[in-house]
Amino acid sequence: MNCLWCEAEGAKAEKNTVYWELPDGTRSIEITETPCVKCENCLMEYQEEDVIANIEDQLLLIDTNKIEDSISFHHLMKQPRLLKRNYFNF
């Protein structure tokens with residue numbers, strides 16, 4: 001896998017902790033064990049676009065009042081949705 005930042009080969013799939021602002025802007029949450037790419041060359045850790053889209057969609061489609069300030073990526077994705085999908089994403 002190539003790093004999107006420095007384009008070096010050898011970037012690896014890992015997991016890290018990220019902090020995300022809720023769509024309504026009322027607070028931010030910690031999301032642990034989030035899939036990421038880690039580059040040993042430039043030391044960058046980042047989420048790929050599909051992971052970002054999944055987090056954004058899920059936070060838009062669930063009742064965020066029911067989640068704590070810290071949640072694992074796996075548990076976040078398992079939260080029941082109020083809608084089946086993000087109908088605003090064309």
# chains A, B, ... in the order shown; residues from 1 in each chain; ligands from 1
call {"tool": "residues_around", "arguments": {"residues": "Pro23 of chain A", "least_positions_apart": "4", "cutoff": "9 Å", "atoms": "only C-alpha atoms", "output": "JSON, numbers by chain"}}
result
{"A": [27, 56, 59, 60]}
call {"tool": "write_last_selection", "arguments": {"atoms": "N, CA and C atoms", "output": "mmCIF file, in the first residue's frame"}}
result
data_model
loop_
_atom_site.group_PDB
_atom_site.id
_atom_site.type_symbol
_atom_site.label_atom_id
_atom_site.label_comp_id
_atom_site.auth_asym_id
_atom_site.auth_seq_id
_atom_site.Cartn_x
_atom_site.Cartn_y
_atom_site.Cartn_z
ATOM 1 N N ARG A 27 -21.129 18.560 20.523
ATOM 2 C CA ARG A 27 -19.973 18.006 21.238
ATOM 3 C C ARG A 27 -19.135 17.180 20.274
ATOM 4 N N GLU A 56 -19.118 9.619 9.071
ATOM 5 C CA GLU A 56 -20.002 10.766 8.865
ATOM 6 C C GLU A 56 -21.449 10.318 8.653
ATOM 7 N N LEU A 59 -22.936 8.843 11.999
ATOM 8 C CA LEU A 59 -23.253 9.874 12.988
ATOM 9 C C LEU A 59 -24.476 10.694 12.583
ATOM 10 N N LEU A 60 -24.724 10.798 11.299
ATOM 11 C CA LEU A 60 -25.895 11.518 10.813
ATOM 12 C C LEU A 60 -27.171 10.690 10.981
#
call {"tool": "select_by_dssp", "arguments": {"residues": "chain A", "states": "helix (DSSP H, G or I)", "output": "short mmCIF file (atom, residue, chain, number, x, y, z; two decimals) with C-alpha atoms, in the first residue's frame"}}
result
data_model
loop_
_atom_site.label_atom_id
_atom_site.label_comp_id
_atom_site.auth_asym_id
_atom_site.auth_seq_id
_atom_site.Cartn_x
_atom_site.Cartn_y
_atom_site.Cartn_z
CA GLU A 49 -12.09 8.29 2.43
CA ASP A 50 -14.45 5.32 2.82
CA VAL A 51 -13.86 5.19 6.60
CA ILE A 52 -14.49 8.94 6.87
CA ALA A 53 -17.70 8.60 4.84
CA ASN A 54 -18.87 5.67 6.99
CA ILE A 55 -18.31 7.63 10.22
CA GLU A 56 -20.00 10.77 8.87
CA ASP A 57 -23.01 8.82 7.57
CA GLN A 58 -23.39 6.80 10.75
CA LEU A 59 -23.25 9.87 12.99
CA LEU A 60 -25.90 11.52 10.81
CA LEU A 61 -28.20 8.48 10.91
CA THR A 64 -26.09 10.57 18.99
CA ASN A 65 -27.63 11.40 22.38
CA LYS A 66 -27.46 7.69 23.18
CA PHE A 73 -15.48 2.20 15.79
CA HIS A 74 -17.06 -1.27 15.83
CA HIS A 75 -19.71 -0.27 18.39
CA LEU A 76 -20.41 3.01 16.60
CA MET A 77 -21.10 1.16 13.35
CA LYS A 78 -23.45 -1.25 15.20
#
call {"tool": "select_by_dssp", "arguments": {"residues": "chain A", "states": "strand (DSSP E)", "output": "list in words"}}
result
Lys12, Ala13, Glu14, Lys15, Asn16, Thr17, Val18, Tyr19, Trp20, Glu21, Ser28, Ile29, Glu30, Ile31, Thr32, Glu33, Thr34, Pro35, Cys36, Val37, Lys38, Glu45, Tyr46, Ser70, Ile71 and Ser72 of chain A
call {"tool": "atom_distance", "arguments": {"atom1": "atom CA of Asp69 of chain A", "atom2": "atom CA of Pro35 of chain A"}}
result
18.8 Å
call {"tool": "decode", "arguments": {"residues": "segment 18-41 of chain A", "atoms": "N, CA, C and O atoms", "output": "short mmCIF file (atom, residue, chain, number, x, y, z; two decimals), in the first residue's frame"}}
result
data_model
loop_
_atom_site.label_atom_id
_atom_site.label_comp_id
_atom_site.auth_asym_id
_atom_site.auth_seq_id
_atom_site.Cartn_x
_atom_site.Cartn_y
_atom_site.Cartn_z
N VAL A 18 -9.52 8.53 17.03
CA VAL A 18 -9.80 9.81 16.40
C VAL A 18 -10.85 10.55 17.23
O VAL A 18 -11.53 9.96 18.06
N TYR A 19 -10.96 11.83 16.98
CA TYR A 19 -11.94 12.67 17.68
C TYR A 19 -12.82 13.32 16.62
O TYR A 19 -12.30 13.88 15.65
N TRP A 20 -14.13 13.21 16.79
CA TRP A 20 -15.06 13.63 15.76
C TRP A 20 -16.12 14.55 16.34
O TRP A 20 -16.70 14.25 17.38
N GLU A 21 -16.38 15.65 15.65
CA GLU A 21 -17.47 16.54 16.05
C GLU A 21 -18.77 15.97 15.52
O GLU A 21 -18.86 15.53 14.37
N LEU A 22 -19.80 15.96 16.37
CA LEU A 22 -21.09 15.46 15.96
C LEU A 22 -21.72 16.40 14.92
O LEU A 22 -21.42 17.59 14.92
N PRO A 23 -22.56 15.87 14.03
CA PRO A 23 -23.15 16.69 12.97
C PRO A 23 -23.90 17.92 13.48
O PRO A 23 -23.93 18.95 12.81
N ASP A 24 -24.49 17.82 14.68
CA ASP A 24 -25.23 18.98 15.20
C ASP A 24 -24.32 19.98 15.91
O ASP A 24 -24.78 21.03 16.36
N GLY A 25 -23.05 19.66 16.03
CA GLY A 25 -22.07 20.58 16.62
C GLY A 25 -22.13 20.72 18.12
O GLY A 25 -21.46 21.58 18.69
N THR A 26 -22.90 19.88 18.81
CA THR A 26 -23.06 20.02 20.25
C THR A 26 -21.87 19.52 21.06
O THR A 26 -21.64 19.99 22.17
N ARG A 27 -21.13 18.56 20.52
CA ARG A 27 -19.97 18.01 21.24
C ARG A 27 -19.14 17.18 20.27
O ARG A 27 -19.53 16.94 19.13
N SER A 28 -18.00 16.78 20.77
CA SER A 28 -17.18 15.86 19.99
C SER A 28 -17.03 14.57 20.79
O SER A 28 -17.21 14.55 22.00
N ILE A 29 -16.72 13.50 20.07
CA ILE A 29 -16.57 12.20 20.70
C ILE A 29 -15.23 11.59 20.31
O ILE A 29 -14.63 11.95 19.30
N GLU A 30 -14.78 10.66 21.13
CA GLU A 30 -13.58 9.88 20.85
C GLU A 30 -14.03 8.56 20.22
O GLU A 30 -14.94 7.90 20.75
N ILE A 31 -13.43 8.21 19.10
CA ILE A 31 -13.74 6.94 18.44
C ILE A 31 -12.46 6.11 18.45
O ILE A 31 -11.48 6.45 17.77
N THR A 32 -12.45 5.05 19.25
CA THR A 32 -11.27 4.21 19.39
C THR A 32 -11.28 3.09 18.36
O THR A 32 -12.32 2.77 17.79
N GLU A 33 -10.11 2.52 18.14
CA GLU A 33 -9.94 1.36 17.25
C GLU A 33 -10.49 1.65 15.84
O GLU A 33 -11.10 0.79 15.21
N THR A 34 -10.25 2.86 15.36
CA THR A 34 -10.70 3.27 14.04
C THR A 34 -9.70 2.82 12.98
O THR A 34 -8.50 3.06 13.13
N PRO A 35 -10.16 2.17 11.91
CA PRO A 35 -9.24 1.76 10.85
C PRO A 35 -8.49 2.97 10.30
O PRO A 35 -9.07 4.04 10.07
N CYS A 36 -7.19 2.79 10.12
CA CYS A 36 -6.37 3.87 9.57
C CYS A 36 -5.24 3.28 8.74
O CYS A 36 -5.03 2.08 8.72
N VAL A 37 -4.54 4.16 8.07
CA VAL A 37 -3.32 3.80 7.35
C VAL A 37 -2.18 4.47 8.09
O VAL A 37 -2.26 5.65 8.42
N LYS A 38 -1.14 3.71 8.37
CA LYS A 38 0.03 4.24 9.07
C LYS A 38 1.25 4.08 8.17
O LYS A 38 1.54 3.00 7.69
N CYS A 39 1.95 5.20 7.97
CA CYS A 39 3.15 5.20 7.14
C CYS A 39 4.39 5.29 8.02
O CYS A 39 4.53 6.23 8.81
N GLU A 40 5.27 4.34 7.88
CA GLU A 40 6.52 4.34 8.65
C GLU A 40 7.50 5.36 8.10
O GLU A 40 8.40 5.81 8.82
N ASN A 41 7.34 5.76 6.85
CA ASN A 41 8.26 6.71 6.24
C ASN A 41 8.03 8.14 6.75
O ASN A 41 8.95 8.78 7.24
#
